[in-house]
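Here the structure comes first, spelled out in structure tokens, and everything after it is commentary.
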Amino acid sequence: MGAEAVKGHLDSILLASLEAQPLHGYAIMEAVRDGSRASFDLPTGTVYPALHRLERAGLVRSKWSTVSGRRRRTYELTERGRRRLREERQAWKLFSRAVSNLLSGAAAGAAP
Amino acid sequence: MTAAARSDPIEGLLQAIGSRLPGPAKPREEILAELRDGLLEVAEANQRRGLGHGEAVQLAVHQFGDAPTIAAAFWPEMAAARARRVVFGLFVTGPIVVALWIWAARSRSLGSESGAFDSSLSHVAALLLIAATIGCGIWAIIAAGRAPLWPHIAPQMALLGAAAMGGIAVVADLAMLSTLSAPLASFPGPVHQVALASAMLASATRLILTSLASRSCLAMRTMAT
């Protein structure tokens, strides 16, 4: 699955990948790939603008460091980001349960 | 394209992205530094999977995405940065220019009158212009700030606010130059003449720079549509 499949969920996925610890861009992509068991392999370039958007929204904050002579930007969740993640998680549970019910045929079975 | 960009696909992609990121240099450099680190990380990961250096770099560039798409995704950030820069510049230079004009008016011979400067109508007009300038500036800063109320249109609003602020500043500078220069020039005295020349130079310089900045804000705004 590529970028199209996660469209609309990218922000939540990025917030979830940062829940455990601060990460830089590439490490976030690795976390997404590993966490989705390689189902989500995002085009690298799509992740950075999304992270910047989350930072502008106050959901993550970043800091610069130098690693092996290279400048690196690391992101971490803000308190607001953690709150948003909890809300997104709750909304996703309701949504996925509803879709699962529909796709499993439960709704059709219940109809007269 | 530079020699480094021609020989190195990563630098070539970064240069292609950078050329599509209008706005202040610092945020652009930070974006490119971050993307460079990401590209090198991907290339190194490809090498760890057994690819040769050249192949690993080519694949990293391919996996990254195309320059126009990536640059377009950074547009809101660059737009906000440009709006903030223009507003900051106007907020800093505005009081300086006004102070120079006040100095020019005050340094004329005691007891003399300059109708344009002393009329209550000009005071009201000046206050209205200052209020409108500050209002547009605050609007632009709110729209360009973190967590804006309407994130999807905020960068456009920020650029519009900055351009409007610049437009009003141009009107203010034109008004000061056209209504104050001639009356104040008639008063003698070296200090007064220096003060007046400084005020005129400051207004004229700001007028030119502000016109360019406002136009660039409007031009950048059209890039989003």
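Residues are named by chain letter and number: chains run A, B, ... in the order of the structure tokens, numbers start at 1 in each chain, and ligands are numbered from 1 in the order shown.
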Legend entry - 9 Å contacts from chain B to chain A using only C-alpha atoms, as a VMD selection string: chain B and resid 30 to 31 33 to 39 41 to 42 60 62 to 67 69 to 71 73 to 74 76 to 77 145 to 148 151
Selection export as an mmCIF file, in the first residue's frame, atoms kept: N, CA and C atoms:
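After the write, out32.cif holds the following:
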data_model
loop_
_atom_site.group_PDB
_atom_site.id
_atom_site.type_symbol
_atom_site.label_atom_id
_atom_site.label_comp_id
_atom_site.auth_asym_id
_atom_site.auth_seq_id
_atom_site.Cartn_x
_atom_site.Cartn_y
_atom_site.Cartn_z
ATOM 1 N N GLU B 30 16.755 25.259 5.881
ATOM 2 C CA GLU B 30 16.437 24.233 6.887
ATOM 3 C C GLU B 30 15.676 23.067 6.248
ATOM 4 N N ILE B 31 14.752 23.391 5.353
ATOM 5 C CA ILE B 31 14.004 22.330 4.658
ATOM 6 C C ILE B 31 14.981 21.467 3.856
ATOM 7 N N ALA B 33 18.223 21.086 4.255
ATOM 8 C CA ALA B 33 19.131 20.324 5.130
ATOM 9 C C ALA B 33 18.437 19.068 5.653
ATOM 10 N N GLU B 34 17.163 19.215 6.001
ATOM 11 C CA GLU B 34 16.414 18.066 6.514
ATOM 12 C C GLU B 34 16.189 17.020 5.414
ATOM 13 N N LEU B 35 15.842 17.507 4.217
ATOM 14 C CA LEU B 35 15.628 16.575 3.105
ATOM 15 C C LEU B 35 16.936 15.875 2.728
ATOM 16 N N ARG B 36 18.046 16.613 2.784
ATOM 17 C CA ARG B 36 19.352 16.013 2.463
ATOM 18 C C ARG B 36 19.647 14.870 3.429
ATOM 19 N N ASP B 37 19.421 15.105 4.715
ATOM 20 C CA ASP B 37 19.653 14.058 5.717
ATOM 21 C C ASP B 37 18.765 12.844 5.420
ATOM 22 N N GLY B 38 17.500 13.106 5.076
ATOM 23 C CA GLY B 38 16.584 12.011 4.776
ATOM 24 C C GLY B 38 17.022 11.219 3.547
ATOM 25 N N LEU B 39 17.418 11.938 2.504
ATOM 26 C CA LEU B 39 17.862 11.266 1.269
ATOM 27 C C LEU B 39 19.109 10.420 1.525
ATOM 28 N N GLU B 41 20.030 9.117 4.349
ATOM 29 C CA GLU B 41 19.628 7.972 5.176
ATOM 30 C C GLU B 41 19.044 6.856 4.292
ATOM 31 N N VAL B 42 18.186 7.254 3.348
ATOM 32 C CA VAL B 42 17.574 6.255 2.452
ATOM 33 C C VAL B 42 18.653 5.598 1.594
ATOM 34 N N ALA B 60 17.272 6.057 -3.997
ATOM 35 C CA ALA B 60 16.816 6.975 -2.937
ATOM 36 C C ALA B 60 16.101 8.178 -3.546
ATOM 37 N N HIS B 62 14.646 8.281 -6.468
ATOM 38 C CA HIS B 62 13.403 7.794 -7.064
ATOM 39 C C HIS B 62 12.335 7.599 -5.977
ATOM 40 N N GLN B 63 12.750 7.030 -4.826
ATOM 41 C CA GLN B 63 11.798 6.759 -3.743
ATOM 42 C C GLN B 63 11.272 8.044 -3.105
ATOM 43 N N PHE B 64 12.037 9.121 -3.251
ATOM 44 C CA PHE B 64 11.702 10.364 -2.562
ATOM 45 C C PHE B 64 10.476 11.044 -3.147
ATOM 46 N N GLY B 65 10.320 10.975 -4.441
ATOM 47 C CA GLY B 65 9.217 11.685 -5.097
ATOM 48 C C GLY B 65 9.757 12.796 -5.983
ATOM 49 N N ASP B 66 8.863 13.437 -6.747
ATOM 50 C CA ASP B 66 9.342 14.440 -7.703
ATOM 51 C C ASP B 66 9.402 15.834 -7.066
ATOM 52 N N ALA B 67 10.335 16.632 -7.576
ATOM 53 C CA ALA B 67 10.621 17.948 -6.985
ATOM 54 C C ALA B 67 9.402 18.875 -6.946
ATOM 55 N N THR B 69 6.189 18.265 -6.739
ATOM 56 C CA THR B 69 5.210 17.829 -5.729
ATOM 57 C C THR B 69 5.712 18.130 -4.321
ATOM 58 N N ILE B 70 6.976 17.821 -4.077
ATOM 59 C CA ILE B 70 7.531 18.043 -2.737
ATOM 60 C C ILE B 70 7.571 19.543 -2.434
ATOM 61 N N ALA B 71 8.038 20.324 -3.398
ATOM 62 C CA ALA B 71 8.128 21.777 -3.183
ATOM 63 C C ALA B 71 6.739 22.362 -2.924
ATOM 64 N N ALA B 73 4.276 20.970 -1.551
ATOM 65 C CA ALA B 73 3.808 20.606 -0.206
ATOM 66 C C ALA B 73 4.398 21.521 0.872
ATOM 67 N N PHE B 74 5.519 22.142 0.574
ATOM 68 C CA PHE B 74 6.136 23.062 1.540
ATOM 69 C C PHE B 74 5.653 24.503 1.347
ATOM 70 N N PRO B 76 2.836 26.172 2.015
ATOM 71 C CA PRO B 76 2.230 26.905 3.146
ATOM 72 C C PRO B 76 3.272 27.421 4.128
ATOM 73 N N GLU B 77 4.279 26.613 4.372
ATOM 74 C CA GLU B 77 5.328 27.020 5.315
ATOM 75 C C GLU B 77 6.122 28.213 4.777
ATOM 76 N N GLY B 145 0.759 32.432 11.948
ATOM 77 C CA GLY B 145 1.243 31.852 13.196
ATOM 78 C C GLY B 145 0.977 30.369 13.297
ATOM 79 N N ARG B 146 1.402 29.820 14.421
ATOM 80 C CA ARG B 146 1.166 28.403 14.672
ATOM 81 C C ARG B 146 -0.309 28.186 15.013
ATOM 82 N N ALA B 147 -0.790 27.020 14.678
ATOM 83 C CA ALA B 147 -2.168 26.625 14.968
ATOM 84 C C ALA B 147 -3.180 27.684 14.535
ATOM 85 N N PRO B 148 -3.166 28.097 13.256
ATOM 86 C CA PRO B 148 -4.138 29.089 12.819
ATOM 87 C C PRO B 148 -5.550 28.517 12.850
ATOM 88 N N PRO B 151 -6.503 26.504 8.929
ATOM 89 C CA PRO B 151 -5.190 26.120 8.401
ATOM 90 C C PRO B 151 -5.119 26.065 6.877
#
Inset, instruction - Identify, with DSSP run on backbone atoms, the residues in chain A assigned to alpha helix (DSSP H), and express the list as a ChimeraX atom specification. - result: /A:3-6,10-17,25-35,44-56,79-103,106-110
Who sits within 10 Å of B:Ala126, only C-alpha atoms, same chain under 6 positions skipped, as a PDB file with N, CA and C atoms, in the first residue's frame:
ATOM      1  N   VAL B  98       8.666  57.268  10.475  1.00  0.00           N
ATOM      2  CA  VAL B  98       7.820  58.297  11.120  1.00  0.00           C
ATOM      3  C   VAL B  98       8.678  59.192  12.024  1.00  0.00           C
ATOM      4  N   SER B 120      -4.924  69.376  11.416  1.00  0.00           N
ATOM      5  CA  SER B 120      -5.510  68.247  12.143  1.00  0.00           C
ATOM      6  C   SER B 120      -5.969  67.164  11.166  1.00  0.00           C
ATOM      7  N   ALA B 132      -4.549  51.221  10.162  1.00  0.00           N
ATOM      8  CA  ALA B 132      -4.791  50.227   9.106  1.00  0.00           C
ATOM      9  C   ALA B 132      -3.556  49.348   8.910  1.00  0.00           C
ATOM     10  N   ALA B 172       1.292  55.513   2.621  1.00  0.00           N
ATOM     11  CA  ALA B 172       1.754  56.410   3.685  1.00  0.00           C
ATOM     12  C   ALA B 172       3.057  57.110   3.285  1.00  0.00           C
ATOM     13  N   ALA B 175       2.361  59.621   0.609  1.00  0.00           N
ATOM     14  CA  ALA B 175       1.679  60.790   1.185  1.00  0.00           C
ATOM     15  C   ALA B 175       2.682  61.698   1.899  1.00  0.00           C
ATOM     16  N   MET B 176       3.570  61.085   2.675  1.00  0.00           N
ATOM     17  CA  MET B 176       4.551  61.898   3.407  1.00  0.00           C
ATOM     18  C   MET B 176       5.486  62.605   2.440  1.00  0.00           C
TER      19      MET B 176
END
Legend entry - Interatomic distance, atom CA of B:Ile134 to atom CA of B:Ala81 (Å, one decimal): 18.3 Å
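Counting from atom CA of B:Pro68, the distance to atom CA of B:Arg82 is 19.3 Å.
Those residues that approach B:Ala143 to within 7 Å, counting only C-alpha atoms, are Trp139, Pro148, Ala154, Pro155, Met157 and Ala158 of chain B; same-chain residues fewer than 4 positions away are not listed.
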Legend entry - d(atom CA of B:Leu129, atom CA of B:Leu174) in Å: 11.8 Å
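Summary of the local environment: counting only C-alpha atoms, residues at most 10 Å from A:Val60, other than itself and those fewer than 6 positions away along its chain, are A:Leu14, A:Leu15, A:Leu18, A:Pro22, A:Leu51, A:His52, A:Arg53, A:Leu54, A:Thr74, A:Tyr75, A:Glu76, A:Leu77, A:Thr78, A:Glu79, A:Arg80, A:Gly81, A:Arg82.
Listed by chain and then by rising number, the residues of chain A that DSSP assigns to strand (DSSP E) from the backbone are Leu23, His24, Val60, Arg61, Ser62, Lys63, Trp64, Ser65, Thr66, Val67, Arg70, Arg71, Arg72, Arg73, Thr74, Tyr75, Glu76 and Leu77 of chain A.
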Skip A:Val32 itself and residues of its chain fewer than 4 positions away, then list as an mmCIF file with N, CA and C atoms, in the first residue's frame all residues within 8 Å of it, counting only C-alpha atoms.
data_model
loop_
_atom_site.group_PDB
_atom_site.id
_atom_site.type_symbol
_atom_site.label_atom_id
_atom_site.label_comp_id
_atom_site.auth_asym_id
_atom_site.auth_seq_id
_atom_site.Cartn_x
_atom_site.Cartn_y
_atom_site.Cartn_z
ATOM 1 N N ILE A 13 -1.107 8.577 11.654
ATOM 2 C CA ILE A 13 -0.037 7.574 11.598
ATOM 3 C C ILE A 13 1.280 8.180 12.078
ATOM 4 N N LEU A 14 1.550 9.402 11.656
ATOM 5 C CA LEU A 14 2.796 10.059 12.072
ATOM 6 C C LEU A 14 2.781 10.342 13.573
ATOM 7 N N SER A 17 3.464 7.171 15.388
ATOM 8 C CA SER A 17 4.860 6.717 15.289
ATOM 9 C C SER A 17 5.767 7.480 16.256
ATOM 10 N N ILE A 28 11.080 7.825 11.363
ATOM 11 C CA ILE A 28 9.609 7.787 11.393
ATOM 12 C C ILE A 28 9.085 6.869 10.282
ATOM 13 N N SER A 36 3.490 -1.220 10.389
ATOM 14 C CA SER A 36 2.435 -1.709 9.489
ATOM 15 C C SER A 36 2.826 -3.037 8.862
ATOM 16 N N ALA A 38 5.265 -3.630 6.960
ATOM 17 C CA ALA A 38 5.647 -3.310 5.578
ATOM 18 C C ALA A 38 4.448 -3.080 4.651
ATOM 19 N N PHE A 40 2.604 -0.305 4.684
ATOM 20 C CA PHE A 40 2.707 1.103 4.279
ATOM 21 C C PHE A 40 4.156 1.435 3.957
ATOM 22 N N ASP A 41 4.417 1.695 2.709
ATOM 23 C CA ASP A 41 5.755 2.122 2.304
ATOM 24 C C ASP A 41 5.600 3.499 1.655
#
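Every protein or nucleic acid residue with an atom no more than 9 Å from B:Ala202, counting only C-alpha atoms and leaving out same-chain residues fewer than 3 positions away, appears here: B:Thr93, B:Ile96, B:Val97, B:Leu100, B:Ala197, B:Ser198, B:Ala199, B:Thr205, B:Arg206, B:Leu207.
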